[in-house]
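The structure appears right after this line, and notes come after that.
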Amino acid sequence: MMDRAFPDDFTVKTAVAMAVRAPSVHNSQPWSWRLGDSSLHLYADPGRRLPETDPDGRDLILSCGAALHHARVGFAALGWAAEVHRLPNPGEPDHLAAVTLHPHDPSQDEIAMAAAIPRRRTDRRRHSSWAVPRGHVEAMSRAAAAEGTVLRAAENSARYYLATAIEEAADRHAGDPAYRTELAAWSGRHFSPDGVPARNTPAPDDTPGALRTRPFADPLLAQPAGATAEDGETVLLVLSTASDDRMSRLRAGEATSAVLLTANAFGLSSCPLTEPLELPDVRDTVTERVTGGSFPQMVLRTGWAPANAEPLPATPRRALDDVLQPLEHFRAT
């Protein structure tokens, strides 16, 4: 029997359905939610780690952290404050969070953040030439700081070194057959509930000044007319943490969600980038040249979509019954 101070099943399922709208590396959705009598638990699903793209599992933890923040936002808008106990069980490293809930009056900001969840898309297309206001960047930085992380815009020499790192990572991966095979297997999807859909990916951009992007399989998304190359008004944001342990990576995932939802609330188009951080030596260069010694966890490109850009379709998600199960059943298996 559910605790009277715990939300009903409909509310829990609604919040978890919002949580799984979070972005994840190659839309792998590497999370598992387990429902107890008076708590909700987030587990990493190591079977969904991408070994060539994410050899140390950092992207997996970031993805789960984004889902955790989406859940917090969803519950808050539905009238429940989430109290999160992160990494509650040292004996279960995949047990990332235990969430208890308390009645709560949602604020207008919380409702606006929740409303951004179904609208948010990973938009890999080029941006327009409109400048992103400095105040928007500062608001995204405050959202990241609230999650215990630092978000900075890469400017001047830092932007040069970051763009160079993106280029180097792309070149290295292009010469790695195992990586290319994995990328092809997880992209170019048409009717799959996971992986990167063909309709959401543009072809690699060879326009001078454009950032290198992953060469996803069967790209069907056209660039909108009026878009500029990346040397226009696209902002590159780097999210970093003071440490690089599992907790820091989980919080970085939560911060990624907070920044993306804040950007969406402003009407900005955004796309997470992790490729330059997936190769240890390239990431070390970003640490030294871009973040000043703090550990880079995520790169985000954001800007204004052209006025005539078609809205992107929602990326499919796995069925809720596949990712939300009773805690007792999970422990029994």
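If you're wondering about the labels, chains in the structure tokens are A, B, ... by order shown, residues count from 1 in each chain, ligands from 1 in order shown.
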Near A:Thr256, counting only C-alpha atoms, which residues have an atom at most 9 Å away, once you skip same-chain residues fewer than 2 positions from it, shown as an mmCIF file with C-alpha atoms, in the first residue's frame?
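Listed below is the output, part-v6.cif:
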data_model
loop_
_atom_site.group_PDB
_atom_site.id
_atom_site.type_symbol
_atom_site.label_atom_id
_atom_site.label_comp_id
_atom_site.auth_asym_id
_atom_site.auth_seq_id
_atom_site.Cartn_x
_atom_site.Cartn_y
_atom_site.Cartn_z
ATOM 1 C CA LEU A 62 25.665 12.283 -17.466
ATOM 2 C CA SER A 63 22.621 10.927 -19.302
ATOM 3 C CA GLY A 65 21.828 12.791 -14.288
ATOM 4 C CA ALA A 66 19.843 14.644 -16.955
ATOM 5 C CA HIS A 69 16.865 16.540 -13.076
ATOM 6 C CA ALA A 144 24.322 25.265 -13.770
ATOM 7 C CA LEU A 239 30.125 22.801 -18.240
ATOM 8 C CA ARG A 251 25.560 16.451 -10.934
ATOM 9 C CA ALA A 252 26.942 17.527 -14.303
ATOM 10 C CA GLY A 253 24.130 15.590 -15.966
ATOM 11 C CA GLU A 254 21.605 17.364 -13.768
ATOM 12 C CA ALA A 258 18.918 22.594 -16.150
ATOM 13 C CA VAL A 259 20.857 24.519 -18.809
ATOM 14 C CA LEU A 260 19.020 22.925 -21.741
ATOM 15 C CA LEU A 261 15.592 23.593 -20.231
ATOM 16 C CA PRO A 272 24.869 18.682 -26.364
ATOM 17 C CA MET A 298 29.728 18.697 -21.358
ATOM 18 C CA LEU A 300 26.689 22.706 -25.412
#
Quick check for you: according to DSSP on this backbone, which residues of stretch 34-247 of chain A are classed as strand (DSSP E or B)? Reply as a PyMOL selection string. chain A and resi 34-35+40-44+80-86+95-103+122+150-153+187-189+196-197+202+221+235-241
Can you work out which one of A:Arg125, A:Arg152, A:Arg159, A:Arg212 has the shortest atom-to-atom distance to A:Arg199, counting only C-alpha atoms?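 Among A:Arg125, A:Arg152, A:Arg159, A:Arg212, it is A:Arg125 that comes nearest to A:Arg199.
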Can you tell me, as a PyMOL selection string, what residues are no more than 6 Å from stretch 111-116 of chain A when counting only C-alpha atoms, ignoring any on the same chain fewer than 6 positions away? chain A and resi 73-74+77+261+265
Kindly save the residues from that selection, with all heavy atoms included, as a short mmCIF file (atom, residue, chain, number, x, y, z; two decimals), in the first residue's frame.
data_model
loop_
_atom_site.label_atom_id
_atom_site.label_comp_id
_atom_site.auth_asym_id
_atom_site.auth_seq_id
_atom_site.Cartn_x
_atom_site.Cartn_y
_atom_site.Cartn_z
N VAL A 73 12.17 18.25 -11.89
CA VAL A 73 11.36 19.33 -12.46
C VAL A 73 9.91 18.87 -12.64
O VAL A 73 8.96 19.60 -12.31
CB VAL A 73 11.96 19.78 -13.81
CG1 VAL A 73 11.01 20.72 -14.55
CG2 VAL A 73 13.31 20.46 -13.58
N GLY A 74 9.72 17.66 -13.15
CA GLY A 74 8.38 17.15 -13.36
C GLY A 74 7.61 17.03 -12.07
O GLY A 74 6.44 17.46 -11.98
N ALA A 77 6.54 20.51 -10.66
CA ALA A 77 5.39 21.10 -11.35
C ALA A 77 4.09 20.38 -11.00
O ALA A 77 3.01 20.99 -11.05
CB ALA A 77 5.62 21.07 -12.85
N LEU A 261 16.97 23.15 -20.43
CA LEU A 261 15.59 23.59 -20.23
C LEU A 261 15.52 25.11 -20.12
O LEU A 261 14.56 25.73 -20.60
CB LEU A 261 15.00 22.93 -18.98
CG LEU A 261 14.83 21.40 -19.06
CD1 LEU A 261 14.20 20.88 -17.77
CD2 LEU A 261 13.99 20.99 -20.27
N ALA A 265 13.41 27.50 -22.62
CA ALA A 265 12.45 28.48 -22.13
C ALA A 265 12.67 29.85 -22.78
O ALA A 265 11.72 30.62 -22.95
CB ALA A 265 12.53 28.58 -20.61
#
Apply DSSP to the backbone of this structure and, from stretch 175-273 of chain A, keep only the residues in helix (DSSP H, G or I); write these as a PyMOL selection string. chain A and resi 177-185+198-200+246-266
Those same residues, written as a compact mmCIF listing (two decimals), in the first residue's frame with N, CA and C atoms?
# COMPACT_ATOMS: atom_id res chain seq x y z
N PRO A 177 37.59 2.09 -36.82
CA PRO A 177 36.50 1.27 -37.39
C PRO A 177 35.48 0.82 -36.35
N ALA A 178 35.93 0.49 -35.14
CA ALA A 178 34.98 0.04 -34.11
C ALA A 178 34.03 1.16 -33.72
N TYR A 179 34.57 2.37 -33.60
CA TYR A 179 33.71 3.52 -33.28
C TYR A 179 32.71 3.76 -34.41
N ARG A 180 33.16 3.72 -35.65
CA ARG A 180 32.27 3.97 -36.78
C ARG A 180 31.16 2.91 -36.85
N THR A 181 31.50 1.68 -36.54
CA THR A 181 30.50 0.61 -36.55
C THR A 181 29.44 0.84 -35.47
N GLU A 182 29.89 1.23 -34.29
CA GLU A 182 28.95 1.50 -33.19
C GLU A 182 28.05 2.69 -33.52
N LEU A 183 28.63 3.75 -34.07
CA LEU A 183 27.84 4.93 -34.43
C LEU A 183 26.78 4.57 -35.47
N ALA A 184 27.16 3.78 -36.47
CA ALA A 184 26.20 3.37 -37.49
C ALA A 184 25.09 2.52 -36.90
N ALA A 185 25.44 1.68 -35.92
CA ALA A 185 24.43 0.82 -35.31
C ALA A 185 23.42 1.60 -34.48
N ALA A 198 16.99 8.97 -38.17
CA ALA A 198 17.51 9.58 -39.39
C ALA A 198 16.88 10.95 -39.63
N ARG A 199 15.62 11.10 -39.29
CA ARG A 199 14.91 12.36 -39.58
C ARG A 199 15.38 13.51 -38.70
N ASN A 200 16.17 13.22 -37.65
CA ASN A 200 16.64 14.26 -36.74
C ASN A 200 18.11 14.62 -36.94
N ARG A 246 32.16 9.95 -9.67
CA ARG A 246 30.82 9.58 -10.11
C ARG A 246 29.79 10.63 -9.71
N MET A 247 29.92 11.16 -8.48
CA MET A 247 28.99 12.19 -8.01
C MET A 247 29.07 13.43 -8.89
N SER A 248 30.29 13.85 -9.23
CA SER A 248 30.46 15.05 -10.05
C SER A 248 29.82 14.86 -11.42
N ARG A 249 29.97 13.69 -11.97
CA ARG A 249 29.39 13.42 -13.29
C ARG A 249 27.87 13.37 -13.23
N LEU A 250 27.34 12.81 -12.16
CA LEU A 250 25.88 12.80 -12.00
C LEU A 250 25.35 14.23 -11.89
N ARG A 251 26.00 15.06 -11.07
CA ARG A 251 25.56 16.45 -10.93
C ARG A 251 25.72 17.21 -12.24
N ALA A 252 26.77 16.88 -13.00
CA ALA A 252 26.94 17.53 -14.30
C ALA A 252 25.79 17.18 -15.24
N GLY A 253 25.30 15.96 -15.17
CA GLY A 253 24.13 15.59 -15.97
C GLY A 253 22.90 16.38 -15.55
N GLU A 254 22.73 16.55 -14.24
CA GLU A 254 21.60 17.36 -13.77
C GLU A 254 21.74 18.80 -14.25
N ALA A 255 22.96 19.32 -14.20
CA ALA A 255 23.19 20.68 -14.67
C ALA A 255 22.95 20.81 -16.16
N THR A 256 23.33 19.79 -16.92
CA THR A 256 23.06 19.81 -18.36
C THR A 256 21.57 19.95 -18.63
N SER A 257 20.77 19.20 -17.91
CA SER A 257 19.32 19.32 -18.05
C SER A 257 18.85 20.72 -17.69
N ALA A 258 19.35 21.26 -16.59
CA ALA A 258 18.92 22.59 -16.15
C ALA A 258 19.25 23.65 -17.20
N VAL A 259 20.44 23.54 -17.80
CA VAL A 259 20.86 24.52 -18.81
C VAL A 259 20.01 24.37 -20.07
N LEU A 260 19.79 23.14 -20.52
CA LEU A 260 19.02 22.92 -21.74
C LEU A 260 17.58 23.40 -21.58
N LEU A 261 16.97 23.15 -20.43
CA LEU A 261 15.59 23.59 -20.23
C LEU A 261 15.52 25.11 -20.12
N THR A 262 16.53 25.72 -19.50
CA THR A 262 16.58 27.18 -19.44
C THR A 262 16.71 27.77 -20.85
N ALA A 263 17.58 27.18 -21.65
CA ALA A 263 17.74 27.64 -23.03
C ALA A 263 16.44 27.51 -23.80
N ASN A 264 15.76 26.38 -23.63
CA ASN A 264 14.49 26.18 -24.35
C ASN A 264 13.45 27.19 -23.91
N ALA A 265 13.41 27.50 -22.62
CA ALA A 265 12.45 28.48 -22.13
C ALA A 265 12.67 29.85 -22.78
N PHE A 266 13.92 30.16 -23.16
CA PHE A 266 14.23 31.40 -23.87
C PHE A 266 13.89 31.30 -25.36
Shell around A:Trp80 at 7 Å using only C-alpha atoms, local window under 3 positions removed, as a PDB file with N, CA, C and O atoms, in the first residue's frame:
ATOM      1  N   PHE A  75       8.228  16.453 -11.047  1.00  0.00           N
ATOM      2  CA  PHE A  75       7.536  16.321  -9.764  1.00  0.00           C
ATOM      3  C   PHE A  75       7.206  17.688  -9.169  1.00  0.00           C
ATOM      4  O   PHE A  75       6.117  17.890  -8.614  1.00  0.00           O
ATOM      5  N   ALA A  76       8.137  18.642  -9.262  1.00  0.00           N
ATOM      6  CA  ALA A  76       7.883  19.974  -8.700  1.00  0.00           C
ATOM      7  C   ALA A  76       6.656  20.612  -9.339  1.00  0.00           C
ATOM      8  O   ALA A  76       5.804  21.183  -8.644  1.00  0.00           O
ATOM      9  N   LEU A 101       9.580  12.139  -1.700  1.00  0.00           N
ATOM     10  CA  LEU A 101       8.764  13.249  -2.189  1.00  0.00           C
ATOM     11  C   LEU A 101       7.898  13.828  -1.085  1.00  0.00           C
ATOM     12  O   LEU A 101       7.425  13.101  -0.199  1.00  0.00           O
ATOM     13  N   HIS A 102       7.708  15.142  -1.177  1.00  0.00           N
ATOM     14  CA  HIS A 102       6.925  15.856  -0.171  1.00  0.00           C
ATOM     15  C   HIS A 102       5.991  16.838  -0.873  1.00  0.00           C
ATOM     16  O   HIS A 102       6.372  17.430  -1.887  1.00  0.00           O
ATOM     17  N   PRO A 103       4.780  17.017  -0.360  1.00  0.00           N
ATOM     18  CA  PRO A 103       3.860  17.982  -0.987  1.00  0.00           C
ATOM     19  C   PRO A 103       4.507  19.361  -1.112  1.00  0.00           C
ATOM     20  O   PRO A 103       5.283  19.796  -0.263  1.00  0.00           O
ATOM     21  N   HIS A 104       4.164  20.049  -2.198  1.00  0.00           N
ATOM     22  CA  HIS A 104       4.896  21.263  -2.565  1.00  0.00           C
ATOM     23  C   HIS A 104       4.006  22.124  -3.448  1.00  0.00           C
ATOM     24  O   HIS A 104       3.273  21.616  -4.293  1.00  0.00           O
TER      25      HIS A 104
END
Fewer than 4 positions away in the same chain doesn't count, so skip those; otherwise give me all residues within 10 Å of A:Thr302, counting only C-alpha atoms, as a VMD selection string. chain A and resid 123 to 124 126 to 127 132 137 233 to 237 260 263 to 264 268 to 272
